[in-house]
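S.K.: What follows is the file model.txt, containing compact mmCIF, C-alpha atoms and all ligand atoms:
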```
# COMPACT_ATOMS: atom_id res chain seq x y z
CA MET F 17 14.25 -27.30 10.45
CA LYS F 18 17.88 -26.46 9.79
CA ARG F 19 17.57 -27.85 6.25
CA ILE F 20 15.66 -25.66 3.84
CA GLY F 21 14.75 -25.97 0.17
CA PHE F 22 15.10 -22.87 -2.00
CA ILE F 23 13.74 -22.60 -5.55
CA GLY F 24 14.22 -19.43 -7.66
CA LEU F 25 17.66 -17.85 -7.30
CA GLY F 26 17.18 -14.60 -9.23
CA ILE F 27 17.82 -10.98 -8.25
CA MET F 28 15.97 -11.54 -4.96
CA GLY F 29 16.21 -15.27 -4.30
CA LYS F 30 19.98 -15.57 -4.54
CA PRO F 31 20.86 -13.05 -1.80
CA MET F 32 18.01 -14.36 0.38
CA ALA F 33 19.38 -17.90 0.04
CA LEU F 34 22.92 -16.72 0.81
CA ASN F 35 21.68 -15.03 3.99
CA LEU F 36 20.10 -18.31 5.12
CA ILE F 37 23.43 -20.10 4.61
CA ASP F 38 25.21 -17.34 6.56
CA ALA F 39 22.68 -17.84 9.39
CA GLY F 40 23.61 -21.53 9.66
CA TYR F 41 20.87 -23.23 7.60
CA SER F 42 21.84 -25.90 5.09
CA LEU F 43 20.15 -25.38 1.75
CA VAL F 44 18.97 -27.61 -1.09
CA VAL F 45 18.52 -25.36 -4.13
CA TYR F 46 17.03 -25.51 -7.62
CA ASP F 47 16.69 -23.05 -10.52
CA ILE F 48 16.39 -23.53 -14.28
CA ASN F 49 19.25 -21.03 -14.71
CA PRO F 50 22.57 -22.81 -14.02
CA LYS F 51 24.59 -19.67 -13.18
CA PRO F 52 23.10 -18.77 -9.75
CA VAL F 53 22.86 -22.49 -8.93
CA GLU F 54 26.66 -22.75 -9.32
CA ASP F 55 27.13 -19.65 -7.14
CA LEU F 56 25.03 -21.29 -4.41
CA ARG F 57 26.95 -24.57 -4.76
CA GLU F 58 30.17 -22.63 -4.17
CA ALA F 59 28.58 -21.06 -1.08
CA GLY F 60 27.92 -24.55 0.33
CA ALA F 61 24.39 -25.42 -0.84
CA GLU F 62 23.37 -28.84 -2.12
CA VAL F 63 22.05 -28.68 -5.69
CA ALA F 64 18.89 -30.58 -6.66
CA SER F 65 17.94 -31.52 -10.21
CA SER F 66 14.22 -30.74 -9.81
CA ALA F 67 11.67 -29.10 -7.54
CA LYS F 68 10.47 -32.62 -6.69
CA GLU F 69 13.93 -33.51 -5.35
CA VAL F 70 14.00 -30.33 -3.24
CA ALA F 71 10.65 -31.32 -1.73
CA GLU F 72 11.80 -34.88 -1.04
CA LYS F 73 14.84 -33.64 0.88
CA THR F 74 13.39 -30.78 2.96
CA SER F 75 10.40 -30.03 5.17
CA VAL F 76 10.47 -26.26 4.62
CA ILE F 77 10.62 -25.09 1.01
CA ILE F 78 10.94 -21.46 -0.10
CA THR F 79 10.02 -20.35 -3.61
CA MET F 80 11.00 -16.97 -5.11
CA LEU F 81 9.72 -17.02 -8.69
CA PRO F 82 8.41 -14.36 -11.10
CA ASN F 83 4.60 -14.87 -11.18
CA SER F 84 1.61 -17.16 -10.59
CA PRO F 85 2.19 -19.44 -13.65
CA HIS F 86 5.82 -20.07 -12.60
CA VAL F 87 4.84 -20.99 -9.05
CA LYS F 88 2.02 -23.26 -10.29
CA GLU F 89 4.47 -24.93 -12.72
CA VAL F 90 7.05 -25.50 -9.97
CA VAL F 91 4.40 -26.90 -7.61
CA PHE F 92 2.05 -28.84 -9.93
CA GLY F 93 4.16 -29.35 -13.10
CA GLU F 94 6.30 -32.33 -14.09
CA LYS F 95 8.81 -33.19 -11.32
CA GLY F 96 7.12 -30.51 -9.26
CA ILE F 97 6.98 -29.99 -5.52
CA ILE F 98 3.66 -31.82 -5.24
CA GLU F 99 5.32 -35.09 -6.37
CA GLY F 100 7.88 -35.00 -3.57
CA ILE F 101 6.35 -33.03 -0.71
CA GLN F 102 6.20 -34.67 2.72
CA LYS F 103 3.22 -34.63 5.07
CA ASP F 104 3.33 -31.56 7.37
CA ALA F 105 5.97 -29.87 5.18
CA ILE F 106 5.63 -26.12 4.71
CA LEU F 107 5.89 -24.23 1.42
CA ILE F 108 6.71 -20.55 1.92
CA ASP F 109 6.04 -18.87 -1.42
CA MET F 110 7.80 -15.49 -1.29
CA SER F 111 7.03 -14.59 -4.93
CA SER F 112 4.60 -11.75 -5.62
CA ILE F 113 1.65 -13.51 -7.28
CA ALA F 114 -2.15 -13.24 -7.50
CA PRO F 115 -3.89 -13.95 -4.16
CA ALA F 116 -6.28 -16.32 -5.97
CA ALA F 117 -3.29 -18.38 -7.19
CA SER F 118 -1.92 -18.61 -3.62
CA LYS F 119 -5.26 -20.03 -2.45
CA GLU F 120 -5.31 -22.54 -5.32
CA ILE F 121 -1.76 -23.73 -4.53
CA ALA F 122 -2.48 -24.01 -0.79
CA GLU F 123 -5.56 -26.11 -1.55
CA GLY F 124 -3.57 -28.47 -3.79
CA LEU F 125 -0.85 -28.92 -1.14
CA SER F 126 -3.38 -29.53 1.62
CA LYS F 127 -4.45 -32.72 -0.23
CA LYS F 128 -0.94 -34.04 0.53
CA GLY F 129 -1.17 -32.94 4.17
CA ALA F 130 1.26 -30.05 3.54
CA HIS F 131 0.89 -26.37 4.47
CA MET F 132 1.52 -23.11 2.70
CA LEU F 133 2.22 -19.49 3.53
CA ASP F 134 2.20 -16.75 0.91
CA ALA F 135 4.96 -14.39 2.04
CA PRO F 136 5.81 -11.76 -0.60
CA VAL F 137 8.37 -9.10 0.23
CA SER F 138 9.03 -5.42 -0.19
CA GLY F 139 12.40 -3.72 -0.19
CA GLY F 140 14.04 -4.82 -3.43
CA GLU F 141 17.52 -6.14 -4.06
CA PRO F 142 19.39 -3.92 -1.53
CA LYS F 143 17.19 -5.14 1.34
CA ALA F 144 17.34 -8.73 0.08
CA ILE F 145 21.14 -8.45 0.36
CA ASP F 146 20.99 -6.81 3.80
CA GLY F 147 18.35 -9.24 5.10
CA THR F 148 16.04 -6.35 5.95
CA LEU F 149 13.01 -7.07 3.74
CA SER F 150 9.46 -6.34 4.87
CA ILE F 151 7.58 -9.64 4.66
CA MET F 152 3.78 -9.78 4.31
CA VAL F 153 2.40 -13.17 5.25
CA GLY F 154 -0.85 -15.05 4.67
CA GLY F 155 -1.63 -18.37 6.32
CA LYS F 156 -2.34 -20.08 9.62
CA LYS F 157 -0.84 -18.56 12.78
CA GLU F 158 0.64 -21.88 13.98
CA ILE F 159 2.46 -22.37 10.65
CA PHE F 160 3.66 -18.75 10.67
CA ASP F 161 5.04 -19.22 14.21
CA LYS F 162 6.96 -22.35 13.14
CA VAL F 163 8.90 -20.51 10.41
CA TYR F 164 9.08 -17.02 11.96
CA ASP F 165 12.82 -17.35 12.74
CA ILE F 166 13.56 -18.35 9.14
CA LEU F 167 11.61 -15.35 7.81
CA MET F 168 13.46 -13.02 10.17
CA VAL F 169 16.81 -14.07 8.66
CA MET F 170 15.62 -12.56 5.35
CA GLY F 171 13.59 -9.67 6.70
CA SER F 172 13.51 -7.05 9.43
CA SER F 173 9.75 -7.54 9.80
CA ALA F 174 7.30 -10.37 9.10
CA VAL F 175 3.63 -9.50 9.63
CA LEU F 176 0.83 -12.06 9.51
CA CYS F 177 -1.90 -10.28 7.49
CA GLY F 178 -4.61 -12.99 7.49
CA ASP F 179 -5.24 -16.39 5.92
CA VAL F 180 -3.57 -17.65 2.72
CA GLY F 181 -3.74 -14.93 0.03
CA ALA F 182 -3.63 -12.05 2.52
CA GLY F 183 0.14 -11.66 2.10
CA ASN F 184 -0.23 -11.14 -1.63
CA THR F 185 -3.26 -8.85 -1.22
CA THR F 186 -1.09 -6.69 1.07
CA LYS F 187 1.74 -6.81 -1.49
CA LEU F 188 -0.68 -5.59 -4.20
CA ALA F 189 -1.56 -2.63 -1.96
CA ASN F 190 2.18 -1.97 -1.63
CA GLN F 191 2.66 -2.09 -5.40
CA ILE F 192 -0.15 0.43 -6.05
CA ILE F 193 1.50 2.88 -3.66
CA VAL F 194 5.01 2.39 -5.07
CA ALA F 195 3.85 2.77 -8.70
CA ALA F 196 1.82 5.93 -8.02
CA ASN F 197 4.72 7.38 -5.99
CA ILE F 198 7.26 6.84 -8.78
CA ALA F 199 4.89 8.40 -11.31
CA ALA F 200 4.33 11.44 -9.06
CA LEU F 201 8.07 11.82 -8.48
CA SER F 202 8.73 11.69 -12.25
CA GLU F 203 6.00 14.26 -12.93
CA ALA F 204 7.39 16.58 -10.24
CA LEU F 205 11.04 16.41 -11.34
CA VAL F 206 10.20 17.03 -15.00
CA LEU F 207 8.05 20.02 -14.02
CA GLY F 208 10.95 21.39 -11.94
CA LYS F 209 13.42 20.98 -14.77
CA LYS F 210 11.14 22.63 -17.36
CA ALA F 211 10.45 25.52 -14.96
CA GLY F 212 14.15 26.04 -14.31
CA VAL F 213 14.86 24.41 -10.94
CA ASP F 214 17.54 21.70 -10.74
CA PRO F 215 15.89 18.32 -9.91
CA GLU F 216 18.71 17.52 -7.48
CA VAL F 217 17.97 20.74 -5.57
CA ILE F 218 14.26 19.85 -5.50
CA PHE F 219 15.12 16.42 -4.06
CA LYS F 220 17.41 17.87 -1.38
CA ALA F 221 14.86 20.55 -0.45
CA ILE F 222 11.82 18.30 -0.07
CA ARG F 223 13.17 14.89 1.02
CA GLY F 224 12.83 15.76 4.74
CA GLY F 225 9.27 17.14 4.40
CA LEU F 226 5.86 15.52 3.97
CA ALA F 227 6.58 14.48 0.37
CA GLY F 228 9.71 12.56 1.39
CA SER F 229 9.44 8.77 1.22
CA THR F 230 11.39 5.54 0.93
CA VAL F 231 10.48 5.57 -2.77
CA MET F 232 11.94 9.07 -3.15
CA GLU F 233 15.15 8.11 -1.33
CA ALA F 234 15.65 5.04 -3.53
CA LYS F 235 14.48 6.37 -6.89
CA ALA F 236 15.26 10.12 -7.09
CA PRO F 237 19.06 9.57 -7.18
CA MET F 238 18.62 6.96 -9.94
CA MET F 239 16.47 9.37 -11.97
CA ILE F 240 18.91 12.25 -11.48
CA GLN F 241 21.81 10.07 -12.66
CA GLY F 242 19.78 8.51 -15.49
CA ASN F 243 20.64 5.09 -14.07
CA PHE F 244 17.77 2.70 -14.76
CA LYS F 245 19.61 -0.57 -14.09
CA PRO F 246 17.19 -2.96 -12.31
CA GLY F 247 16.45 -3.30 -9.30
CA PHE F 248 12.85 -3.98 -9.98
CA ARG F 249 12.09 -4.40 -13.65
CA ILE F 250 9.15 -2.61 -15.31
CA ALA F 251 8.09 -6.04 -16.65
CA LEU F 252 7.63 -7.29 -13.07
CA HIS F 253 5.73 -4.17 -12.01
CA ILE F 254 3.41 -4.62 -15.02
CA LYS F 255 2.86 -8.19 -13.79
CA ASP F 256 1.97 -6.88 -10.32
CA LEU F 257 -0.38 -4.18 -11.66
CA ASN F 258 -2.11 -6.82 -13.81
CA ASN F 259 -2.68 -8.80 -10.59
CA VAL F 260 -3.88 -5.60 -8.87
CA LEU F 261 -6.39 -4.84 -11.65
CA GLU F 262 -7.66 -8.43 -11.84
CA THR F 263 -8.10 -8.60 -8.07
CA GLY F 264 -9.76 -5.17 -7.96
CA HIS F 265 -12.21 -6.16 -10.70
CA GLU F 266 -12.96 -9.45 -8.94
CA TYR F 267 -13.79 -7.73 -5.65
CA GLY F 268 -15.41 -4.56 -7.05
CA ALA F 269 -12.69 -2.07 -6.00
CA PRO F 270 -12.20 0.55 -8.76
CA LEU F 271 -8.52 1.42 -9.37
CA PRO F 272 -8.31 4.64 -11.42
CA LEU F 273 -4.75 5.59 -10.36
CA THR F 274 -3.38 2.11 -10.97
CA SER F 275 -4.89 1.98 -14.45
CA VAL F 276 -3.26 5.28 -15.46
CA VAL F 277 0.20 4.20 -14.25
CA MET F 278 -0.32 0.82 -15.94
CA GLU F 279 -0.78 2.60 -19.29
CA MET F 280 2.42 4.60 -18.70
CA MET F 281 4.20 1.29 -18.14
CA GLN F 282 2.66 -0.07 -21.34
CA TRP F 283 4.29 2.86 -23.21
CA LEU F 284 7.63 1.85 -21.67
CA LYS F 285 7.09 -1.76 -22.72
CA ALA F 286 6.18 -0.71 -26.28
CA ASN F 287 9.45 1.22 -26.41
CA ASN F 288 11.53 -1.73 -25.09
CA TYR F 289 12.21 -0.17 -21.69
CA ASP F 290 10.46 -2.92 -19.73
CA ILE F 291 13.84 -4.51 -18.93
CA GLU F 292 14.77 -1.37 -16.99
CA ASP F 293 14.11 -0.43 -13.36
CA HIS F 294 10.64 0.97 -12.58
CA SER F 295 12.32 4.37 -11.95
CA ALA F 296 12.42 4.49 -15.79
CA LEU F 297 8.80 5.72 -15.56
CA LEU F 298 10.62 9.06 -15.72
CA ARG F 299 11.28 8.34 -19.41
CA TYR F 300 7.52 8.53 -20.11
CA TYR F 301 7.34 12.06 -18.67
CA GLU F 302 10.59 13.13 -20.34
CA ASN F 303 9.14 11.96 -23.64
CA LEU F 304 5.94 13.97 -23.09
CA ALA F 305 7.95 17.06 -22.15
CA GLY F 306 10.51 16.64 -24.95
CA ALA F 307 13.48 16.97 -22.58
CA THR F 308 15.33 14.93 -20.00
CA ILE F 309 15.95 16.17 -16.47
CA ARG F 310 19.68 15.95 -17.21
CA ASP F 311 19.66 18.22 -20.33
P1 LIG J 1 14.11 -12.87 -11.28
O1 LIG J 1 13.49 -12.99 -12.63
O2 LIG J 1 15.44 -12.20 -11.13
O3 LIG J 1 14.26 -14.34 -10.61
C1 LIG J 1 13.36 -15.38 -10.80
C2 LIG J 1 14.14 -16.69 -10.80
O4 LIG J 1 13.22 -17.78 -10.95
C3 LIG J 1 15.15 -16.81 -11.95
O5 LIG J 1 16.42 -17.18 -11.45
C4 LIG J 1 14.55 -17.90 -12.84
O6 LIG J 1 15.52 -18.66 -13.54
C5 LIG J 1 13.80 -18.73 -11.81
N1 LIG J 1 12.75 -19.55 -12.42
C6 LIG J 1 11.76 -19.18 -13.28
N2 LIG J 1 11.00 -20.24 -13.60
C7 LIG J 1 11.50 -21.30 -12.91
C8 LIG J 1 11.13 -22.67 -12.83
N3 LIG J 1 10.09 -23.17 -13.53
N4 LIG J 1 11.86 -23.48 -12.02
C9 LIG J 1 12.91 -23.00 -11.32
N5 LIG J 1 13.32 -21.71 -11.37
C10 LIG J 1 12.60 -20.87 -12.16
O7 LIG J 1 13.02 -12.16 -10.36
P2 LIG J 1 13.25 -11.40 -8.96
O8 LIG J 1 13.50 -9.96 -9.22
O9 LIG J 1 14.16 -12.18 -8.12
O10 LIG J 1 11.75 -11.47 -8.38
C11 LIG J 1 11.21 -12.67 -7.82
C12 LIG J 1 9.86 -12.32 -7.20
O11 LIG J 1 10.06 -11.33 -6.18
C13 LIG J 1 8.86 -11.71 -8.20
O12 LIG J 1 7.57 -12.17 -7.92
C14 LIG J 1 8.99 -10.23 -7.95
O13 LIG J 1 7.81 -9.52 -8.30
C15 LIG J 1 9.25 -10.19 -6.45
N6 LIG J 1 9.96 -9.00 -5.96
C16 LIG J 1 11.03 -8.53 -6.64
C17 LIG J 1 11.67 -7.38 -6.15
C18 LIG J 1 12.85 -6.79 -6.87
O14 LIG J 1 13.22 -5.65 -6.55
N7 LIG J 1 13.47 -7.48 -7.83
C19 LIG J 1 11.21 -6.74 -5.00
C20 LIG J 1 10.13 -7.30 -4.30
C21 LIG J 1 9.51 -8.43 -4.81
```
Rewrite the structure from the file as C-alpha cells, please.
Ligand code: NAD
M.R.:
Amino acid sequence: MKRIGFIGLGIMGKPMALNLIDAGYSLVVYDINPKPVEDLREAGAEVASSAKEVAEKTSVIITMLPNSPHVKEVVFGEKGIIEGIQKDAILIDMSSIAPAASKEIAEGLSKKGAHMLDAPVSGGEPKAIDGTLSIMVGGKKEIFDKVYDILMVMGSSAVLCGDVGAGNTTKLANQIIVAANIAALSEALVLGKKAGVDPEVIFKAIRGGLAGSTVMEAKAPMMIQGNFKPGFRIALHIKDLNNVLETGHEYGAPLPLTSVVMEMMQWLKANNYDIEDHSALLRYYENLAGATIRD
C-alpha cells in the first residue's frame, strides 16, 4: 500500500498529497486543473490522465473534491474511478459531502468488490500543510484499520464515527458549530467597536476564558486585520450548510441557528464576497452597523 492515488489537488488536497510523498508514499495524481498537477509532478508524483487511470494503478485512492456532484462525477462519470477500480481497492473520500451521497457511492463501489470510507477533515489549509488535520471517518472498522497509517500522515487524529456516511454527518456537526461561532465572534467585535472598545483588546482579554476557541484564535486576527483571503471560502461553507439543512430536514432535526447563518452567507454571496474566507461574515455585521471594526 505504498502506492496511493490522489484526485483533487486544491487548497487542501495539494498539501495533503505532498505530505504523503514526504512520508515515503509514491503517488499517482489527477486533477482537471493543470497547475497543481505540475507542482505534484515536480515533487515526484506520477501524473494520470483520468480518474480511471488512477484507479487502475492504485489500490488505495484518495479524493479531495468540492462537493457531492464532483465526487459522483469522478467516481461514476466518463473515465471515472468505477471503470478502473480493482477488487478490494479502497476509496477514501476526504471531501466534505452529503452523507446520503457517501452511502450512494459506497453502494456503487461495492458492486465492483471495492470499499469506501468517507473521511472529511477539519482544520483548514494550515493544518493540511502541517499534517495535523482532524479526520472524521465513516466505514467498516477493518477497512479503517488498513488505512489508519495513511490517514495519520495527513492528520493528528482519525476517529471512526460509524458506518459509511457517519464521517460526513460528524463533519456537518462541525460546520454548524464553526459557522455559528464565526457569526457570534463578528457580532461581538462589532458591538465592542460601536461601544468604544478596541476589538483587538477584546480578543486579548477574552481568548483565555470560556469564550475562547480554535475558531476565535484563527479568525479574530483575520477580522482585525481585514484579511479575508481564503482559507475556507464562503462558497464552500454555503455548500456545507446546504448539506446540513437537507440532512436535518431528512431526519427531522430542526436547525434554527444554521438557517440564520445561512441567510447571512447568502447576503455575502449576493454581494460577491463568496470567494472570500468565511471570516468575511464580519462584513455582514459591519454592513448592518454602518462601520467597520477598523474605522
Ligand atoms: P478547492 O476548490 O481548492 O479544490 C478542489 C480541487 O478539485 C480543485 O483542484 C479542482 O480542480 C478539483 N476538481 C474539481 N472537479 C474535479 C474533477 N471532476 N476531476 C478532478 N479534479 C476536480 O477546494 P478545497 O478547499 O481544497 O476543499 C476540498 C474539500 O475539502 C471540500 O469538500 C471542502 O469543503 C473541504 N474542506 C476544505 C477546507 C478548507 O479550509 N479549504 C477545510 C476542511 C474541509
S.K.: Please report as a tab-separated table every residue of chain F lying within 7 Å of ligand LIG 1 (chain J), along with the nearest atom pair and their distance in Å (one decimal), using only C-alpha atoms and all ligand atoms.
M.R.:
```
residue	atom	partner	partner_atom	distance
F:Ile23	CA	J:LIG1	C9	5.8
F:Gly24	CA	J:LIG1	O4	3.8
F:Leu25	CA	J:LIG1	O5	4.4
F:Gly26	CA	J:LIG1	O3	3.2
F:Ile27	CA	J:LIG1	O9	3.9
F:Met28	CA	J:LIG1	O9	3.7
F:Gly29	CA	J:LIG1	O9	5.3
F:Tyr46	CA	J:LIG1	C9	6.1
F:Asp47	CA	J:LIG1	N5	3.7
F:Ile48	CA	J:LIG1	C9	4.6
F:Asn49	CA	J:LIG1	O6	4.6
F:Met80	CA	J:LIG1	C11	5.1
F:Leu81	CA	J:LIG1	O4	4.2
F:Pro82	CA	J:LIG1	O12	4.0
F:Asn83	CA	J:LIG1	O12	5.2
F:His86	CA	J:LIG1	N2	5.3
F:Glu89	CA	J:LIG1	N3	5.9
F:Val90	CA	J:LIG1	N3	5.2
F:Met110	CA	J:LIG1	O11	6.8
F:Ser111	CA	J:LIG1	O12	3.9
F:Ser112	CA	J:LIG1	O12	3.8
F:Ile113	CA	J:LIG1	O12	6.1
F:Pro136	CA	J:LIG1	C21	6.5
F:Val137	CA	J:LIG1	C20	5.2
F:Ser138	CA	J:LIG1	C20	4.7
F:Gly139	CA	J:LIG1	C19	5.8
F:Gly140	CA	J:LIG1	O14	3.3
F:Glu141	CA	J:LIG1	O14	5.0
F:Gly247	CA	J:LIG1	O14	4.8
F:Phe248	CA	J:LIG1	O14	3.8
F:Arg249	CA	J:LIG1	N7	6.7
F:Leu252	CA	J:LIG1	O13	5.3
F:His253	CA	J:LIG1	O13	6.8
F:Asp256	CA	J:LIG1	O13	6.7
```
S.K.: Between CA of Arg310 in chain F and CA of Ala204 in chain F, what distance in Å does the model show, to one decimal?
M.R.: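 Here the two named atoms are 14.1 Å from each other.
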S.K.: Please identify all polymer residues within 10 Å of range 171-186 of chain F, counting all atoms listed in the file, omitting same-chain residues fewer than 3 positions from it, and present them as a PyMOL selection string.
M.R.: chain F and resi 32+109-123+131-139+143-157+160-161+164-168+189-191+256+259-260+263
S.K.: Could you take the residues named above and write them with C-alpha atoms, as a tab-separated table (two decimals), in the coordinates of the input?
M.R.:
```
chain	number	residue	atom	x	y	z
F	32	MET	CA	18.01	-14.36	0.38
F	109	ASP	CA	6.04	-18.87	-1.42
F	110	MET	CA	7.80	-15.49	-1.29
F	111	SER	CA	7.03	-14.59	-4.93
F	112	SER	CA	4.60	-11.75	-5.62
F	113	ILE	CA	1.65	-13.51	-7.28
F	114	ALA	CA	-2.15	-13.24	-7.50
F	115	PRO	CA	-3.89	-13.95	-4.16
F	116	ALA	CA	-6.28	-16.32	-5.97
F	117	ALA	CA	-3.29	-18.38	-7.19
F	118	SER	CA	-1.92	-18.61	-3.62
F	119	LYS	CA	-5.26	-20.03	-2.45
F	120	GLU	CA	-5.31	-22.54	-5.32
F	121	ILE	CA	-1.76	-23.73	-4.53
F	122	ALA	CA	-2.48	-24.01	-0.79
F	123	GLU	CA	-5.56	-26.11	-1.55
F	131	HIS	CA	0.89	-26.37	4.47
F	132	MET	CA	1.52	-23.11	2.70
F	133	LEU	CA	2.22	-19.49	3.53
F	134	ASP	CA	2.20	-16.75	0.91
F	135	ALA	CA	4.96	-14.39	2.04
F	136	PRO	CA	5.81	-11.76	-0.60
F	137	VAL	CA	8.37	-9.10	0.23
F	138	SER	CA	9.03	-5.42	-0.19
F	139	GLY	CA	12.40	-3.72	-0.19
F	143	LYS	CA	17.19	-5.14	1.34
F	144	ALA	CA	17.34	-8.73	0.08
F	145	ILE	CA	21.14	-8.45	0.36
F	146	ASP	CA	20.99	-6.81	3.80
F	147	GLY	CA	18.35	-9.24	5.10
F	148	THR	CA	16.04	-6.35	5.95
F	149	LEU	CA	13.01	-7.07	3.74
F	150	SER	CA	9.46	-6.34	4.87
F	151	ILE	CA	7.58	-9.64	4.66
F	152	MET	CA	3.78	-9.78	4.31
F	153	VAL	CA	2.40	-13.17	5.25
F	154	GLY	CA	-0.85	-15.05	4.67
F	155	GLY	CA	-1.63	-18.37	6.32
F	156	LYS	CA	-2.34	-20.08	9.62
F	157	LYS	CA	-0.84	-18.56	12.78
F	160	PHE	CA	3.66	-18.75	10.67
F	161	ASP	CA	5.04	-19.22	14.21
F	164	TYR	CA	9.08	-17.02	11.96
F	165	ASP	CA	12.82	-17.35	12.74
F	166	ILE	CA	13.56	-18.35	9.14
F	167	LEU	CA	11.61	-15.35	7.81
F	168	MET	CA	13.46	-13.02	10.17
F	189	ALA	CA	-1.56	-2.63	-1.96
F	190	ASN	CA	2.18	-1.97	-1.63
F	191	GLN	CA	2.66	-2.09	-5.40
F	256	ASP	CA	1.97	-6.88	-10.32
F	259	ASN	CA	-2.68	-8.80	-10.59
F	260	VAL	CA	-3.88	-5.60	-8.87
F	263	THR	CA	-8.10	-8.60	-8.07
```
S.K.: State, in Å with one decimal place, the distance from CA of Gly100 in chain F to CA of Ser66 in chain F.
M.R.: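 Atom-to-atom, CA of Gly100 in chain F to CA of Ser66 in chain F, that is 9.9 Å.
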S.K.: For CA of Ala305 in chain F and CA of Thr274 in chain F, quote the distance in Å rounded to one decimal.
M.R.: 21.8 Å
S.K.: When you count all atoms listed in the file, which of these residues is closest to Val231 in chain F: F:Phe219, F:Phe92, F:Tyr41, F:Tyr300?
M.R.: F:Phe219
S.K.: Considering only C-alpha atoms, state which residue in the set F:Gln282, F:Thr79, F:Ser65, F:Asn288 is at the smallest distance from Lys30 in chain F.
M.R.: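 Closest candidate: F:Thr79.
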S.K.: What's the 12 Å shell around Pro272 in chain F, counting all atoms listed in the file, without same-chain residues fewer than 2 positions away, as a PyMOL selection string?
M.R.: chain F and resi 192+196+257+260-261+264-265+269-270+274-279
S.K.: From the set F:Val53, F:Leu205, F:Ile106, F:Ile77, which residue has the shortest atom-to-atom contact distance to Glu158 in chain F, counting only C-alpha atoms?
M.R.: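 The closest residue to Glu158 in chain F is F:Ile106.
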S.K.: Would you pick out the contacts of Val63 in chain F at 9 Å or less, using only C-alpha atoms, so that residues sharing its chain but fewer than 4 positions from it are not included, and give the list as number ranges by chain?
M.R.: F: 43-46, 53-54, 56-57, 70
S.K.: How about saving the chosen residues, C-alpha atoms kept, as a short mmCIF file (atom, residue, chain, number, x, y, z; two decimals), keeping the file's coordinate frame?
M.R.:
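Just written: out_30.cif:
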```cif
data_model
loop_
_atom_site.label_atom_id
_atom_site.label_comp_id
_atom_site.auth_asym_id
_atom_site.auth_seq_id
_atom_site.Cartn_x
_atom_site.Cartn_y
_atom_site.Cartn_z
CA LEU F 43 20.15 -25.38 1.75
CA VAL F 44 18.97 -27.61 -1.09
CA VAL F 45 18.52 -25.36 -4.13
CA TYR F 46 17.03 -25.51 -7.62
CA VAL F 53 22.86 -22.49 -8.93
CA GLU F 54 26.66 -22.75 -9.32
CA LEU F 56 25.03 -21.29 -4.41
CA ARG F 57 26.95 -24.57 -4.76
CA VAL F 70 14.00 -30.33 -3.24
#
```
S.K.: If we count only C-alpha atoms, what is near Lys73 in chain F at a cut-off of 9 Å, once residues fewer than 6 positions away on the same chain are taken out, given as a list in words?
M.R.: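 Once the nearby chain positions are removed, what remains is Arg19, Ile20, Gly21, Val44, Gly100, Ile101 and Gln102 of chain F.
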S.K.: Choose the residue, out of F:Val163, F:Ala105, F:Ala61, F:Val169, that has the smallest atom-to-atom separation from Ala39 in chain F; count all atoms listed in the file.
M.R.: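 Ranked by minimum distance to Ala39 in chain F, first place goes to F:Val169.
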